[in-house]
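Here is the file start38.pdb (PDB, C-alpha atoms).
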ATOM      1  CA  ALA Z   5      15.643 -73.740-284.656
ATOM      2  CA  GLN Z   6      12.905 -71.182-284.454
ATOM      3  CA  SER Z   7      10.135 -70.814-281.929
ATOM      4  CA  VAL Z   8       7.352 -68.450-280.985
ATOM      5  CA  THR Z   9       5.818 -67.753-277.601
ATOM      6  CA  GLN Z  10       2.509 -65.997-277.287
ATOM      7  CA  LEU Z  11       1.934 -64.638-273.826
ATOM      8  CA  GLY Z  12      -1.636 -65.214-272.745
ATOM      9  CA  SER Z  13      -3.795 -67.938-274.222
ATOM     10  CA  HIS Z  14      -6.856 -65.784-273.687
ATOM     11  CA  VAL Z  15      -7.225 -62.012-273.820
ATOM     12  CA  SER Z  16     -10.466 -60.216-273.110
ATOM     13  CA  VAL Z  17     -11.067 -56.525-273.833
ATOM     14  CA  SER Z  18     -14.041 -54.239-274.024
ATOM     15  CA  GLU Z  19     -15.368 -53.006-277.331
ATOM     16  CA  GLY Z  20     -13.502 -49.808-278.214
ATOM     17  CA  ALA Z  21     -10.535 -50.613-275.988
ATOM     18  CA  LEU Z  22      -6.939 -51.178-277.033
ATOM     19  CA  VAL Z  23      -6.034 -54.660-278.183
ATOM     20  CA  LEU Z  24      -2.531 -55.913-277.353
ATOM     21  CA  LEU Z  25      -1.511 -59.467-278.187
ATOM     22  CA  ARG Z  26       2.030 -60.389-277.249
ATOM     23  CA  CYS Z  27       4.469 -62.434-279.267
ATOM     24  CA  ASN Z  28       8.119 -63.179-278.633
ATOM     25  CA  TYR Z  29      10.259 -65.164-281.018
ATOM     26  CA  SER Z  30      13.499 -67.027-281.049
ATOM     27  CA  SER Z  31      15.525 -67.368-284.214
ATOM     28  CA  SER Z  32      19.181 -67.868-284.993
ATOM     29  CA  VAL Z  33      18.794 -66.024-288.288
ATOM     30  CA  PRO Z  34      16.933 -62.841-289.233
ATOM     31  CA  PRO Z  35      13.336 -63.966-289.335
ATOM     32  CA  TYR Z  36      10.167 -63.246-291.171
ATOM     33  CA  LEU Z  37       7.313 -62.700-288.714
ATOM     34  CA  PHE Z  38       3.578 -63.032-289.246
ATOM     35  CA  TRP Z  39       0.266 -62.595-287.523
ATOM     36  CA  TYR Z  40      -2.697 -64.698-288.640
ATOM     37  CA  VAL Z  41      -6.338 -64.705-287.566
ATOM     38  CA  GLN Z  42      -8.515 -67.805-287.445
ATOM     39  CA  TYR Z  43     -12.272 -67.831-287.112
ATOM     40  CA  PRO Z  44     -13.997 -71.010-285.861
ATOM     41  CA  ASN Z  45     -13.674 -73.995-288.197
ATOM     42  CA  GLN Z  46     -11.847 -71.951-290.802
ATOM     43  CA  GLY Z  47      -8.344 -71.655-292.147
ATOM     44  CA  LEU Z  48      -5.960 -68.823-291.411
ATOM     45  CA  GLN Z  49      -6.015 -65.337-292.818
ATOM     46  CA  LEU Z  50      -2.880 -63.216-292.912
ATOM     47  CA  LEU Z  51      -3.177 -60.007-290.917
ATOM     48  CA  LEU Z  52       0.313 -58.676-291.524
ATOM     49  CA  LYS Z  53       3.920 -59.693-291.957
ATOM     50  CA  TYR Z  54       7.393 -58.361-291.272
ATOM     51  CA  THR Z  55      10.021 -59.071-293.903
ATOM     52  CA  SER Z  56      12.779 -56.574-292.995
ATOM     53  CA  ALA Z  57      11.405 -53.350-294.387
ATOM     54  CA  ALA Z  58       9.764 -50.965-291.918
ATOM     55  CA  THR Z  59       9.726 -52.226-288.342
ATOM     56  CA  LEU Z  60       6.182 -50.944-287.833
ATOM     57  CA  VAL Z  61       3.947 -53.032-290.007
ATOM     58  CA  LYS Z  62       0.359 -52.132-290.779
ATOM     59  CA  GLY Z  63      -2.094 -54.856-291.650
ATOM     60  CA  ILE Z  64      -5.709 -55.381-292.439
ATOM     61  CA  ASN Z  65      -8.657 -54.510-290.201
ATOM     62  CA  GLY Z  66      -6.741 -51.778-288.406
ATOM     63  CA  PHE Z  67      -4.115 -54.047-286.869
ATOM     64  CA  GLU Z  68      -0.436 -53.240-286.698
ATOM     65  CA  ALA Z  69       2.670 -54.792-285.183
ATOM     66  CA  GLU Z  70       6.120 -53.558-284.349
ATOM     67  CA  PHE Z  71       9.256 -55.621-284.798
ATOM     68  CA  LYS Z  72      11.668 -54.999-281.919
ATOM     69  CA  LYS Z  73      14.874 -56.892-282.423
ATOM     70  CA  SER Z  74      16.306 -55.923-279.032
ATOM     71  CA  GLU Z  75      13.278 -57.412-277.312
ATOM     72  CA  THR Z  76      12.754 -60.243-279.844
ATOM     73  CA  SER Z  77       9.125 -59.191-279.903
ATOM     74  CA  PHE Z  78       6.423 -58.680-282.497
ATOM     75  CA  HIS Z  79       3.354 -57.623-280.542
ATOM     76  CA  LEU Z  80       0.045 -57.061-282.323
ATOM     77  CA  THR Z  81      -2.062 -54.005-281.531
ATOM     78  CA  LYS Z  82      -5.291 -52.353-282.556
ATOM     79  CA  PRO Z  83      -6.340 -49.010-281.077
ATOM     80  CA  SER Z  84     -10.047 -49.778-280.796
ATOM     81  CA  ALA Z  85     -11.498 -53.276-280.597
ATOM     82  CA  HIS Z  86     -14.571 -54.251-282.559
ATOM     83  CA  MET Z  87     -16.887 -57.145-281.863
ATOM     84  CA  SER Z  88     -15.862 -58.720-285.166
ATOM     85  CA  ASP Z  89     -12.263 -58.971-283.923
ATOM     86  CA  ALA Z  90     -13.199 -61.873-281.678
ATOM     87  CA  ALA Z  91     -11.171 -64.808-282.987
ATOM     88  CA  GLU Z  92      -8.011 -66.851-282.462
ATOM     89  CA  TYR Z  93      -4.756 -65.114-283.327
ATOM     90  CA  PHE Z  94      -1.512 -66.835-284.179
ATOM     91  CA  CYS Z  95       1.970 -65.385-284.353
ATOM     92  CA  ALA Z  96       4.375 -67.237-286.628
ATOM     93  CA  VAL Z  97       8.023 -67.133-287.628
ATOM     94  CA  SER Z  98       9.847 -68.464-290.644
ATOM     95  CA  ASP Z  99      13.331 -68.302-291.987
ATOM     96  CA  ARG Z 100      14.086 -66.420-295.164
ATOM     97  CA  GLY Z 101      15.342 -69.166-297.359
ATOM     98  CA  GLY Z 102      14.240 -72.536-298.605
ATOM     99  CA  ALA Z 103      10.665 -73.578-297.986
ATOM    100  CA  GLN Z 104      10.074 -70.782-295.447
ATOM    101  CA  LYS Z 105       8.160 -73.144-293.188
ATOM    102  CA  LEU Z 106       5.982 -71.383-290.657
ATOM    103  CA  VAL Z 107       6.386 -72.144-286.976
ATOM    104  CA  PHE Z 108       3.323 -71.064-285.044
ATOM    105  CA  GLY Z 109       2.823 -69.893-281.511
ATOM    106  CA  GLN Z 110       0.217 -71.440-279.269
ATOM    107  CA  GLY Z 111      -2.426 -68.949-280.234
ATOM    108  CA  THR Z 112      -4.340 -66.298-278.291
ATOM    109  CA  ARG Z 113      -8.105 -66.291-278.141
ATOM    110  CA  LEU Z 114      -9.401 -62.707-278.198
ATOM    111  CA  THR Z 115     -12.784 -62.048-276.653
ATOM    112  CA  ILE Z 116     -14.525 -58.707-277.048
ATOM    113  CA  ASN Z 117     -16.939 -57.635-274.330
ATOM    114  CA  PRO Z 118     -19.823 -55.361-275.330
TER     115      PRO Z 118
ATOM    116  CA  GLY W  13      -5.610 -62.503-302.172
ATOM    117  CA  ALA W  14      -5.123 -65.858-303.810
ATOM    118  CA  VAL W  15      -7.575 -68.647-303.147
ATOM    119  CA  VAL W  16      -6.788 -72.070-301.785
ATOM    120  CA  SER W  17      -9.691 -74.485-301.695
ATOM    121  CA  GLN W  18      -9.726 -77.501-299.421
ATOM    122  CA  HIS W  19     -12.207 -80.341-299.802
ATOM    123  CA  PRO W  20     -14.080 -81.725-298.031
ATOM    124  CA  SER W  21     -14.654 -79.231-295.241
ATOM    125  CA  TRP W  22     -15.644 -82.044-292.942
ATOM    126  CA  VAL W  23     -15.684 -85.815-293.132
ATOM    127  CA  ILE W  24     -16.690 -88.673-290.872
ATOM    128  CA  CYS W  25     -15.208 -92.072-291.527
ATOM    129  CA  LYS W  26     -15.147 -95.449-289.866
ATOM    130  CA  SER W  27     -12.092 -96.662-288.057
ATOM    131  CA  GLY W  28      -9.803 -98.617-290.378
ATOM    132  CA  THR W  29     -10.828 -96.850-293.560
ATOM    133  CA  SER W  30      -8.855 -94.277-295.527
ATOM    134  CA  VAL W  31      -9.852 -90.739-296.314
ATOM    135  CA  LYS W  32      -8.456 -88.315-298.867
ATOM    136  CA  ILE W  33      -8.331 -84.545-298.458
ATOM    137  CA  GLU W  34      -7.706 -82.295-301.443
ATOM    138  CA  CYS W  35      -6.005 -78.922-301.483
ATOM    139  CA  ARG W  36      -6.242 -76.837-304.637
ATOM    140  CA  SER W  37      -4.760 -73.478-305.543
ATOM    141  CA  LEU W  38      -7.420 -71.880-307.708
ATOM    142  CA  ASP W  39      -5.643 -68.893-309.223
ATOM    143  CA  PHE W  40      -1.915 -69.502-308.914
ATOM    144  CA  GLN W  41       0.638 -72.241-309.341
ATOM    145  CA  ALA W  42       1.595 -73.661-305.991
ATOM    146  CA  THR W  43       5.101 -75.017-306.180
ATOM    147  CA  THR W  44       5.111 -75.691-302.451
ATOM    148  CA  MET W  45       2.270 -76.913-300.277
ATOM    149  CA  PHE W  46       2.184 -77.495-296.552
ATOM    150  CA  TRP W  47      -0.057 -79.737-294.481
ATOM    151  CA  TYR W  48      -0.848 -78.896-290.868
ATOM    152  CA  ARG W  49      -2.757 -80.587-288.112
ATOM    153  CA  GLN W  50      -4.584 -78.700-285.403
ATOM    154  CA  PHE W  51      -6.024 -80.280-282.273
ATOM    155  CA  PRO W  52      -8.844 -78.482-280.454
ATOM    156  CA  LYS W  53      -7.745 -75.232-278.875
ATOM    157  CA  GLN W  54      -4.153 -75.824-279.923
ATOM    158  CA  SER W  55      -1.780 -74.425-282.481
ATOM    159  CA  LEU W  56      -1.018 -75.673-285.952
ATOM    160  CA  MET W  57       1.619 -78.341-286.196
ATOM    161  CA  LEU W  58       3.376 -78.775-289.525
ATOM    162  CA  MET W  59       3.101 -82.342-290.774
ATOM    163  CA  ALA W  60       4.878 -82.171-294.100
ATOM    164  CA  THR W  61       6.081 -79.975-296.921
ATOM    165  CA  SER W  62       5.568 -80.997-300.513
ATOM    166  CA  ASN W  63       7.012 -79.632-303.712
ATOM    167  CA  GLU W  64       5.364 -80.323-307.024
ATOM    168  CA  GLY W  65       6.700 -83.476-308.581
ATOM    169  CA  SER W  66       8.785 -84.456-305.549
ATOM    170  CA  LYS W  67       8.299 -86.615-302.511
ATOM    171  CA  ALA W  68       7.009 -84.826-299.456
ATOM    172  CA  THR W  69       9.310 -83.989-296.576
ATOM    173  CA  TYR W  70       7.764 -85.078-293.309
ATOM    174  CA  GLU W  71       8.343 -83.502-289.922
ATOM    175  CA  GLN W  72       9.786 -85.572-287.153
ATOM    176  CA  GLY W  73       7.235 -87.880-285.593
ATOM    177  CA  VAL W  74       4.837 -87.859-288.543
ATOM    178  CA  GLU W  75       4.285 -91.301-290.063
ATOM    179  CA  LYS W  76       4.753 -90.994-293.800
ATOM    180  CA  ASP W  77       3.094 -94.338-294.459
ATOM    181  CA  LYS W  78       0.000 -93.250-292.572
ATOM    182  CA  PHE W  79      -0.272 -89.755-293.968
ATOM    183  CA  LEU W  80       0.297 -90.077-297.701
ATOM    184  CA  ILE W  81       0.907 -86.816-299.506
ATOM    185  CA  ASN W  82       0.800 -86.405-303.247
ATOM    186  CA  HIS W  83       1.602 -83.190-305.087
ATOM    187  CA  ALA W  84       1.283 -84.270-308.669
ATOM    188  CA  SER W  85       0.412 -80.936-310.207
ATOM    189  CA  LEU W  86       1.023 -77.259-309.573
ATOM    190  CA  THR W  87      -2.534 -76.762-308.393
ATOM    191  CA  LEU W  88      -3.338 -79.891-306.414
ATOM    192  CA  SER W  89      -1.991 -81.671-303.381
ATOM    193  CA  THR W  90      -3.732 -84.493-301.553
ATOM    194  CA  LEU W  91      -3.389 -85.877-298.055
ATOM    195  CA  THR W  92      -4.626 -89.419-297.521
ATOM    196  CA  VAL W  93      -5.061 -90.634-293.967
ATOM    197  CA  THR W  94      -4.725 -94.399-294.225
ATOM    198  CA  SER W  95      -6.273 -96.870-291.808
ATOM    199  CA  ALA W  96      -7.708 -94.039-289.792
ATOM    200  CA  HIS W  97      -8.206 -94.366-286.044
ATOM    201  CA  PRO W  98     -10.088 -92.159-283.609
ATOM    202  CA  GLU W  99      -6.842 -90.504-282.505
ATOM    203  CA  ASP W 100      -6.443 -89.217-286.072
ATOM    204  CA  SER W 101      -9.530 -87.090-285.580
ATOM    205  CA  SER W 102      -8.379 -83.518-285.972
ATOM    206  CA  PHE W 103      -8.570 -80.364-288.075
ATOM    207  CA  TYR W 104      -6.281 -80.588-291.088
ATOM    208  CA  ILE W 105      -5.234 -77.410-292.895
ATOM    209  CA  CYS W 106      -3.227 -76.964-296.051
ATOM    210  CA  SER W 107      -1.394 -73.933-297.327
ATOM    211  CA  ALA W 108       0.145 -73.185-300.676
ATOM    212  CA  ARG W 109       2.890 -70.916-301.930
ATOM    213  CA  ALA W 110       3.925 -69.885-305.383
ATOM    214  CA  HIS W 111       7.522 -70.067-306.533
ATOM    215  CA  GLY W 112       9.892 -67.323-305.550
ATOM    216  CA  PRO W 113      11.303 -65.620-302.472
ATOM    217  CA  ASN W 114       9.036 -63.975-299.981
ATOM    218  CA  THR W 115       5.832 -65.251-301.541
ATOM    219  CA  GLU W 116       2.860 -65.471-299.232
ATOM    220  CA  ALA W 117       1.437 -68.794-298.113
ATOM    221  CA  PHE W 118      -2.334 -68.930-298.528
ATOM    222  CA  PHE W 119      -4.377 -71.243-296.360
ATOM    223  CA  GLY W 120      -7.272 -73.498-297.169
ATOM    224  CA  GLN W 121     -10.374 -73.430-295.008
ATOM    225  CA  GLY W 122      -9.469 -76.684-293.307
ATOM    226  CA  THR W 123     -11.000 -80.145-293.062
ATOM    227  CA  ARG W 124     -12.434 -81.529-289.870
ATOM    228  CA  LEU W 125     -11.895 -85.271-289.770
ATOM    229  CA  THR W 126     -13.821 -87.389-287.303
ATOM    230  CA  VAL W 127     -13.021 -91.087-287.096
ATOM    231  CA  VAL W 128     -15.656 -93.194-285.403
TER     232      VAL W 128
END
structure tokens encoding of this file:
Amino acid sequence: AQSVTQLGSHVSVSEGALVLLRCNYSSSVPPYLFWYVQYPNQGLQLLLKYTSAATLVKGINGFEAEFKKSETSFHLTKPSAHMSDAAEYFCAVSDRGGAQKLVFGQGTRLTINP
Amino acid sequence: GAVVSQHPSWVICKSGTSVKIECRSLDFQATTMFWYRQFPKQSLMLMATSNEGSKATYEQGVEKDKFLINHASLTLSTLTVTSAHPEDSSFYICSARAHGPNTEAFFGQGTRLTVV
């Protein structure tokens, strides 16, 4: 079974500050890992994904994440927060075969202070 | 990226009635579609996985007779909430994937269902 834990249901940073959203996973097989963003009353948009190539993955909107197997982590970062980054962020894991069903973390609401 | 359209975006229905939600892949053939449910301020919970032309596979605890899923074509899946009750009120989101390994799942914009 796979699971994802996002540390911190709510993160607040100042505009221009570093964004760090934490995600730890549990998987009995090598996983695929994802970060999604959700704006209010909308579906999910893929920010980036790890599928076993480079461990440092760059995504859209300046976000990146690093896969650390030893720490079972896949934390999301952005060097400088922008007001438009305010949203809900979900980390997800899937296996590599079959339907590749996504298992989501609890989500982290990111607030950007002016 | 590919487009997945979900309709309606919101719906209000009376308790005891049924409501159908459509999920369409507009520019690719979706061999697999997923239906999720999201309660306010919570994560997405997978309800079922459907493959075109096959019966849906439901997650544990999801009533298949209440949440009817049809995936009759490569571009359309429907979720019908039968005999809806207020506790079925939620945000329902679909996603769709094309055939093949490592293909991305694209999400619809979601449907907010309110049962009164």
| query | So what do you get for atom CA of W:Ser37 versus atom CA of W:His83, distance-wise? | reply |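 So the answer is 11.6 Å.
Here atom CA of W:Ser101 is placed at a distance of 5.5 Å from atom CA of W:Val127.
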Using all atoms listed in the file, find each residue in chain W having at least one atom no more than 9 Å away from chain Z; report its shortest atom-to-atom pair and that distance in Å (one decimal), rows by chain then rising number, as JSON lines.
{"residue": "W:Ser21", "atom": "CA", "partner": "Z:Asn45", "partner_atom": "CA", "distance": 8.8}
{"residue": "W:Thr44", "atom": "CA", "partner": "Z:Ala103", "partner_atom": "CA", "distance": 7.4}
{"residue": "W:Phe46", "atom": "CA", "partner": "Z:Lys105", "partner_atom": "CA", "distance": 8.1}
{"residue": "W:Lys53", "atom": "CA", "partner": "Z:Gly111", "partner_atom": "CA", "distance": 8.3}
{"residue": "W:Gln54", "atom": "CA", "partner": "Z:Gln110", "partner_atom": "CA", "distance": 6.2}
{"residue": "W:Ser55", "atom": "CA", "partner": "Z:Gln110", "partner_atom": "CA", "distance": 4.8}
{"residue": "W:Leu56", "atom": "CA", "partner": "Z:Phe108", "partner_atom": "CA", "distance": 6.4}
{"residue": "W:Met57", "atom": "CA", "partner": "Z:Phe108", "partner_atom": "CA", "distance": 7.6}
{"residue": "W:Leu58", "atom": "CA", "partner": "Z:Val107", "partner_atom": "CA", "distance": 7.7}
{"residue": "W:Thr61", "atom": "CA", "partner": "Z:Ala103", "partner_atom": "CA", "distance": 7.9}
{"residue": "W:Phe103", "atom": "CA", "partner": "Z:Asn45", "partner_atom": "CA", "distance": 8.2}
{"residue": "W:Ile105", "atom": "CA", "partner": "Z:Gly47", "partner_atom": "CA", "distance": 6.6}
{"residue": "W:Cys106", "atom": "CA", "partner": "Z:Gly47", "partner_atom": "CA", "distance": 8.3}
{"residue": "W:Ser107", "atom": "CA", "partner": "Z:Gly47", "partner_atom": "CA", "distance": 9.0}
{"residue": "W:Pro113", "atom": "CA", "partner": "Z:Gly101", "partner_atom": "CA", "distance": 7.4}
{"residue": "W:Asn114", "atom": "CA", "partner": "Z:Arg100", "partner_atom": "CA", "distance": 7.4}
{"residue": "W:Glu116", "atom": "CA", "partner": "Z:Leu50", "partner_atom": "CA", "distance": 8.8}
{"residue": "W:Ala117", "atom": "CA", "partner": "Z:Leu50", "partner_atom": "CA", "distance": 8.8}
{"residue": "W:Phe118", "atom": "CA", "partner": "Z:Gln49", "partner_atom": "CA", "distance": 7.7}
{"residue": "W:Phe119", "atom": "CA", "partner": "Z:Leu48", "partner_atom": "CA", "distance": 5.7}
{"residue": "W:Gly120", "atom": "CA", "partner": "Z:Gly47", "partner_atom": "CA", "distance": 5.5}
{"residue": "W:Gln121", "atom": "CA", "partner": "Z:Gly47", "partner_atom": "CA", "distance": 3.9}
{"residue": "W:Gly122", "atom": "CA", "partner": "Z:Gly47", "partner_atom": "CA", "distance": 5.3}
{"residue": "W:Thr123", "atom": "CA", "partner": "Z:Asn45", "partner_atom": "CA", "distance": 8.3}
{"residue": "W:Arg124", "atom": "CA", "partner": "Z:Asn45", "partner_atom": "CA", "distance": 7.8}
| field | For W:Gly112, the nearest of the candidates W:Gln41, W:Ile33, W:Lys67, W:His19, counting all atoms listed in the file | value | W:Gln41
| request: Kindly extract all protein, DNA and RNA residues lying within 7 Å of the coordinates (7.9, -54.1, -285.6) given in the file, considering all atoms listed in the file, and supply them as a list of chain:residue names. | output: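 So the residues meeting the distance criterion are Z:Thr59, Z:Leu60, Z:Val61, Z:Ala69, Z:Glu70, Z:Phe71, Z:Lys72, Z:Phe78.
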For stretch 89-98 of chain Z, take all atoms listed in the file, fit an axis-aligned box around them, add 8 Å to each of the six sides, then output centre and edge lengths in Å rounded to one decimal, as JSON.
{"center_x": -1.7, "center_y": -63.7, "center_z": -286.2, "size_x": 39.0, "size_y": 25.5, "size_z": 25.0}
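Between atom CA of Z:Val97 and atom CA of W:Glu71 the interatomic distance comes to 16.5 Å.
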| Taking the file as shown, what set of residues would the PyMOL selection byres ((chain Z and resi 68) around 9) give back, as a list in words? | Leu51, Leu52, Leu60, Val61, Lys62, Gly63, Ile64, Gly66, Phe67, Ala69, Glu70, His79, Leu80, Thr81 and Lys82 of chain Z
Can stretch 81-103 of chain W be brought up to N, CA and C atoms and written out as an mmCIF file, in the coordinates of the input?
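Dumped everything to result_6.cif:
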data_model
loop_
_atom_site.group_PDB
_atom_site.id
_atom_site.type_symbol
_atom_site.label_atom_id
_atom_site.label_comp_id
_atom_site.auth_asym_id
_atom_site.auth_seq_id
_atom_site.Cartn_x
_atom_site.Cartn_y
_atom_site.Cartn_z
ATOM 1 N N ILE W 81 1.053 -88.114 -298.859
ATOM 2 C CA ILE W 81 0.907 -86.816 -299.506
ATOM 3 C C ILE W 81 1.359 -86.928 -300.950
ATOM 4 N N ASN W 82 0.504 -86.417 -301.824
ATOM 5 C CA ASN W 82 0.800 -86.405 -303.247
ATOM 6 C C ASN W 82 0.653 -84.988 -303.768
ATOM 7 N N HIS W 83 1.638 -84.550 -304.534
ATOM 8 C CA HIS W 83 1.602 -83.190 -305.087
ATOM 9 C C HIS W 83 1.943 -83.304 -306.553
ATOM 10 N N ALA W 84 1.009 -83.884 -307.297
ATOM 11 C CA ALA W 84 1.283 -84.270 -308.669
ATOM 12 C C ALA W 84 1.187 -83.129 -309.663
ATOM 13 N N SER W 85 0.529 -82.056 -309.282
ATOM 14 C CA SER W 85 0.412 -80.936 -310.207
ATOM 15 C C SER W 85 0.639 -79.635 -309.457
ATOM 16 N N LEU W 86 0.752 -78.556 -310.187
ATOM 17 C CA LEU W 86 1.023 -77.259 -309.573
ATOM 18 C C LEU W 86 -0.205 -76.648 -308.914
ATOM 19 N N THR W 87 -1.334 -77.319 -309.006
ATOM 20 C CA THR W 87 -2.534 -76.762 -308.393
ATOM 21 C C THR W 87 -3.221 -77.726 -307.436
ATOM 22 N N LEU W 88 -2.652 -78.911 -307.237
ATOM 23 C CA LEU W 88 -3.338 -79.891 -306.414
ATOM 24 C C LEU W 88 -2.366 -80.701 -305.567
ATOM 25 N N SER W 89 -2.674 -80.761 -304.285
ATOM 26 C CA SER W 89 -1.991 -81.671 -303.381
ATOM 27 C C SER W 89 -3.052 -82.440 -302.610
ATOM 28 N N THR W 90 -2.786 -83.692 -302.322
ATOM 29 C CA THR W 90 -3.732 -84.493 -301.553
ATOM 30 C C THR W 90 -3.053 -85.105 -300.345
ATOM 31 N N LEU W 91 -3.825 -85.208 -299.277
ATOM 32 C CA LEU W 91 -3.389 -85.877 -298.055
ATOM 33 C C LEU W 91 -4.338 -87.043 -297.833
ATOM 34 N N THR W 92 -3.811 -88.241 -297.786
ATOM 35 C CA THR W 92 -4.626 -89.419 -297.521
ATOM 36 C C THR W 92 -4.258 -89.972 -296.153
ATOM 37 N N VAL W 93 -5.253 -90.034 -295.287
ATOM 38 C CA VAL W 93 -5.061 -90.634 -293.967
ATOM 39 C C VAL W 93 -5.441 -92.101 -294.109
ATOM 40 N N THR W 94 -4.475 -92.978 -294.008
ATOM 41 C CA THR W 94 -4.725 -94.399 -294.225
ATOM 42 C C THR W 94 -5.021 -95.107 -292.906
ATOM 43 N N SER W 95 -5.894 -96.080 -292.974
ATOM 44 C CA SER W 95 -6.273 -96.870 -291.808
ATOM 45 C C SER W 95 -6.518 -95.956 -290.611
ATOM 46 N N ALA W 96 -7.461 -95.078 -290.808
ATOM 47 C CA ALA W 96 -7.708 -94.039 -289.792
ATOM 48 C C ALA W 96 -8.185 -94.629 -288.471
ATOM 49 N N HIS W 97 -7.771 -93.997 -287.390
ATOM 50 C CA HIS W 97 -8.206 -94.366 -286.044
ATOM 51 C C HIS W 97 -8.749 -93.139 -285.342
ATOM 52 N N PRO W 98 -9.508 -93.322 -284.295
ATOM 53 C CA PRO W 98 -10.088 -92.159 -283.609
ATOM 54 C C PRO W 98 -9.068 -91.102 -283.213
ATOM 55 N N GLU W 99 -7.851 -91.508 -282.893
ATOM 56 C CA GLU W 99 -6.842 -90.504 -282.505
ATOM 57 C C GLU W 99 -6.379 -89.654 -283.681
ATOM 58 N N ASP W 100 -6.759 -90.043 -284.904
ATOM 59 C CA ASP W 100 -6.443 -89.217 -286.072
ATOM 60 C C ASP W 100 -7.458 -88.096 -286.263
ATOM 61 N N SER W 101 -8.520 -88.147 -285.496
ATOM 62 C CA SER W 101 -9.530 -87.090 -285.580
ATOM 63 C C SER W 101 -8.876 -85.754 -285.252
ATOM 64 N N SER W 102 -9.050 -84.804 -286.149
ATOM 65 C CA SER W 102 -8.379 -83.518 -285.972
ATOM 66 C C SER W 102 -8.846 -82.563 -287.067
ATOM 67 N N PHE W 103 -8.328 -81.366 -287.031
ATOM 68 C CA PHE W 103 -8.570 -80.364 -288.075
ATOM 69 C C PHE W 103 -7.309 -80.301 -288.911
#
